[in-house]
Structure formats: C-alpha cells, structure tokens
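The file data05.txt comes next; it holds compact mmCIF, C-alpha atoms.
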# COMPACT_ATOMS: atom_id res chain seq x y z
CA PRO J 179 108.61 120.65 86.69
CA GLN J 180 112.23 120.86 87.79
CA ALA J 181 114.51 117.93 86.92
CA LEU J 182 115.87 116.38 90.11
CA PRO J 183 119.17 114.56 90.56
CA LEU J 184 119.03 110.80 91.09
CA LYS J 185 121.66 108.73 92.90
CA ILE J 186 121.44 104.98 92.43
CA VAL J 187 123.21 102.75 94.95
CA GLY J 188 123.64 99.00 94.69
CA ASP J 189 124.56 96.31 92.23
CA GLY J 190 122.73 93.61 90.38
CA PRO J 191 121.69 92.20 87.04
CA LEU J 192 120.64 95.63 85.69
CA ALA J 193 123.95 97.33 86.52
CA GLU J 194 124.97 97.75 82.87
CA GLN J 195 121.65 99.36 81.99
CA VAL J 196 121.97 101.71 84.96
CA ARG J 197 125.55 102.61 83.96
CA SER J 198 124.36 103.40 80.42
CA ALA J 199 121.51 105.55 81.69
CA ALA J 200 123.87 107.44 84.01
CA ALA J 201 126.37 107.99 81.18
CA ALA J 202 123.59 109.40 78.98
CA ASP J 203 122.02 111.70 81.60
CA PRO J 204 124.08 114.01 83.86
CA ARG J 205 121.25 114.08 86.43
CA ILE J 206 121.82 110.37 87.18
CA SER J 207 124.75 109.18 89.31
CA TYR J 208 125.36 105.45 89.55
CA LEU J 209 127.37 104.82 92.72
CA GLY J 210 127.34 101.02 92.61
CA ARG J 211 127.87 98.95 95.72
CA GLN J 212 128.62 101.01 98.84
CA SER J 213 129.53 100.22 102.44
CA SER J 214 126.78 100.28 105.05
CA SER J 215 128.16 103.47 106.57
CA GLU J 216 128.25 105.17 103.17
CA VAL J 217 124.67 104.07 102.44
CA LEU J 218 123.52 105.57 105.75
CA SER J 219 125.38 108.80 104.98
CA LEU J 220 123.82 109.00 101.51
CA LEU J 221 120.37 108.30 102.96
CA GLY J 222 120.78 110.99 105.59
CA ASP J 223 121.66 113.54 102.88
CA ALA J 224 118.88 112.46 100.51
CA ALA J 225 115.55 114.25 100.14
CA CYS J 226 113.94 110.81 100.02
CA LEU J 227 114.52 107.15 99.28
CA VAL J 228 112.76 105.86 96.19
CA LEU J 229 111.92 102.17 96.51
CA PRO J 230 110.24 101.22 93.21
CA SER J 231 109.87 97.53 93.93
CA VAL J 232 107.82 95.38 91.58
CA CYS J 233 108.19 92.28 93.78
CA TYR J 234 106.67 91.55 97.16
CA GLU J 235 109.22 92.13 99.90
CA ASN J 236 108.85 91.15 103.54
CA CYS J 237 110.78 93.86 105.37
CA PRO J 238 113.21 95.82 103.17
CA LYS J 239 116.33 96.72 105.13
CA THR J 240 116.78 99.83 102.96
CA LEU J 241 113.43 101.20 104.11
CA ILE J 242 114.39 100.75 107.77
CA GLU J 243 117.79 102.38 107.09
CA ALA J 244 115.99 105.35 105.53
CA TYR J 245 113.76 105.71 108.59
CA ALA J 246 116.83 105.46 110.86
CA SER J 247 118.33 108.31 108.82
CA ALA J 248 115.12 110.38 109.14
CA THR J 249 114.55 110.10 105.41
CA PRO J 250 111.03 109.76 103.98
CA VAL J 251 110.38 106.89 101.56
CA ILE J 252 108.54 106.94 98.26
CA ALA J 253 107.71 103.33 97.51
CA SER J 254 105.52 100.95 95.58
CA ARG J 255 102.09 100.31 97.05
CA LEU J 256 102.84 96.61 97.33
CA GLY J 257 102.58 94.05 100.13
CA ALA J 258 104.51 94.68 103.33
CA ILE J 259 106.08 97.85 101.94
CA GLU J 260 102.63 99.44 101.92
CA GLU J 261 102.14 98.45 105.55
CA MET J 262 105.49 99.94 106.59
CA ILE J 263 104.78 103.39 105.14
CA ASP J 264 102.19 105.72 106.57
CA HIS J 265 101.20 107.49 103.32
CA GLY J 266 101.53 111.24 103.72
CA ARG J 267 103.28 110.92 107.09
CA THR J 268 106.48 108.82 106.79
CA GLY J 269 106.53 108.81 103.01
CA LEU J 270 104.41 108.39 99.92
CA LEU J 271 103.13 105.39 98.01
CA PHE J 272 102.63 104.93 94.28
CA GLU J 273 101.18 102.20 92.10
CA SER J 274 103.85 99.56 91.46
CA GLY J 275 105.08 99.65 87.86
CA ASN J 276 103.50 103.06 87.20
CA PRO J 277 106.28 105.60 86.46
CA ALA J 278 103.80 108.47 86.00
CA ASP J 279 102.44 107.92 89.51
CA LEU J 280 106.02 107.77 90.86
CA VAL J 281 106.78 111.14 89.22
CA VAL J 282 103.65 112.66 90.79
CA GLN J 283 104.72 111.48 94.27
CA VAL J 284 108.33 112.69 93.86
CA GLN J 285 107.07 116.10 92.70
CA ARG J 286 104.59 116.20 95.58
CA LEU J 287 107.36 115.63 98.12
CA HIS J 288 109.79 118.00 96.42
CA ALA J 289 107.24 120.83 96.23
CA ALA J 290 106.50 121.02 99.96
CA ASP J 291 109.47 121.79 102.22
CA GLU J 292 107.40 121.76 105.42
CA THR J 293 105.81 118.45 104.47
CA ARG J 294 109.24 116.97 103.81
CA ARG J 295 110.53 118.22 107.19
CA ALA J 296 107.47 116.73 108.94
CA MET J 297 107.98 113.43 107.08
CA ARG J 298 111.62 113.36 108.20
CA ARG J 299 110.55 113.67 111.82
CA ALA J 300 107.82 111.05 111.38
CA ALA J 301 110.21 108.62 109.63
CA ARG J 302 112.64 108.82 112.54
CA GLU J 303 109.78 108.42 115.04
CA ALA J 304 108.61 105.31 113.16
CA TYR J 305 112.13 103.90 113.37
CA GLU J 306 112.35 104.50 117.11
CA LEU J 307 108.87 103.09 117.71
CA ARG J 308 109.15 99.92 115.60
CA TYR J 309 112.68 99.07 114.55
CA THR J 310 115.21 99.67 117.34
CA CYS J 311 116.59 96.85 119.47
CA GLU J 312 114.78 98.28 122.47
CA SER J 313 111.39 98.51 120.75
CA ASN J 314 111.72 94.97 119.35
CA TYR J 315 112.74 93.61 122.75
CA ALA J 316 109.76 95.33 124.41
CA ALA J 317 107.39 93.93 121.77
CA LEU J 318 108.79 90.41 122.19
CA MET J 319 108.50 90.58 125.99
CA GLU J 320 104.89 91.76 125.62
CA ILE J 321 104.15 88.72 123.44
CA TYR J 322 105.68 86.45 126.09
CA ARG J 323 103.71 88.21 128.88
CA ASP J 324 100.47 87.83 126.93
CA ALA J 325 101.17 84.16 126.20
CA PHE J 326 102.03 83.47 129.83
CA ASN J 327 99.02 85.38 131.20
CA ASN J 328 96.61 83.68 128.80
CA ARG J 329 97.48 80.16 129.89
CA GLU J 330 94.60 78.23 131.40
CA CYS J 331 96.74 76.73 134.14
CA SER J 332 99.24 78.03 136.64
CA THR J 333 101.66 75.19 137.27
CA ASN J 334 105.39 75.80 136.86
CA GLU J 335 105.76 72.44 135.18
CA ILE J 336 105.21 71.98 131.50
CA PRO J 337 101.59 70.88 131.29
CA SER J 338 100.32 68.21 128.97
CA GLN J 339 98.08 69.23 126.11
CA GLN J 340 95.05 67.98 128.04
CA GLU J 341 96.00 69.98 131.15
CA CYS J 342 96.49 73.35 129.51
CA HIS J 343 95.45 74.88 126.20
CA ALA J 344 97.48 78.01 125.54

What does the file become when written as structure tokens?
Amino acid sequence: PQALPLKIVGDGPLAEQVRSAAAADPRISYLGRQSSSEVLSLLGDAACLVLPSVCYENCPKTLIEAYASATPVIASRLGAIEEMIDHGRTGLLFESGNPADLVVQVQRLHAADETRRAMRRAAREAYELRYTCESNYAALMEIYRDAFNNRECSTNEIPSQQECHA
C-alpha cells in the first residue's frame, strides 16, 4: 500500500508528541493551530478528514466543517459521530482505538476515486440538508408547528395544566 501524507491541525496536550512524530517522518506535517478560514481551506483540499476520537462527542464542529467543504470523513464508530456519518456514503467508520481498522478505511477511500467523488457530493448534501442555518430554522419551525398542532386546546391564552396537556 502507498504511504499517504498526513496533515495534523490543532493544538493540545499531545502537541509535543505530534511535533516529534512529524520531525521523524516526512509524510507527517504538523500545522498546529490555524484560523477558521485556513482550516476550511485545508479541509476543502483534503482527500478526507480523519476523526479518530476515543471519547464520546456530541456534535463535532470539525465534522460539520468537513461536510461544508464537501470532504468525506473517516471517523471512530462512537456515539453521535456514528450517527452523523452515513457509512459508505458521506464517509467511513472504524472501530475506535483500532489503528488497523483505520488503515483499512483510509486505504478503501484512497483506492476508489469514483467513490471518493460520490462521498464528496454526499458530504456536501448532508451539510445542506442538516447543518445550514436555513435547514436548522426549518427543522425548529417544524417542531413548533407540531407542538402547536398537537395541543389539546385551542385558546390563545396560556392554559393551565388541567386545561391542556401538550
């Protein structure tokens, strides 16, 4: 299998270890903390975002930024991350903490140009469907419409608990 370049963006408690790994391996570039616009540019140019989380995350901003950039995501099969990725469509999932499974998924994505192009389109579609201001506003208004339409009373005044059970 072909060795692929890896760009690591961000900062944190493992920064020194990442710097050492990058210094020892020319395929690894440690870019450190970057501006939001630079992160989006890097994501747009990337073949994929690798999100190897070992912790449960609610809604990783980086994943949404990747989708906005039409970039597929290879991520841990863990909690909400698993729910945000349509395996084989918007990205690929691997067993959290299993580097061999991660390698398999990266190689799978790298080997299939047409699959990667289709995943790019699907990632952007997922962003537009679920994560734009407009889609979130529409979803919130639908929740309000459902709540309003499911009331058991029709008065414009705030009903007491005995008068109306929503």

Sorted by chain and rising residue number, which residues of region 214-323 of chain J lie within 12 Å of region 207-210 of chain J, and what are their closest atom pairs and distances in Å to one decimal, counting all atoms listed in the file, as a tab-separated table?
residue	atom	partner	partner_atom	distance
J:Glu216	CA	J:Leu209	CA	10.5
J:Val217	CA	J:Leu209	CA	10.1
J:Leu220	CA	J:Leu209	CA	10.4

Please, what distance in Å, to one decimal, runs between CA of Gly190 (chain J) and CA of Ser231 (chain J)? 13.9 Å

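With distances taken over all atoms listed in the file, J:Ala225 is the one residue among J:Ala304, J:Ile186, J:Ala244, J:Ala225 lying closest to Ala289 (chain J).
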
Please identify all polymer residues lying at most 10 Å from the point (120.3, 113.9, 88.8) (file coordinates), using all atoms listed in the file, and present the result as a count of residues only. 13

Neighbours of point (109.9, 116.7, 89.9) within 10 Å, using all atoms listed in the file, written as a ChimeraX atom specification: /J:179-183,280-289
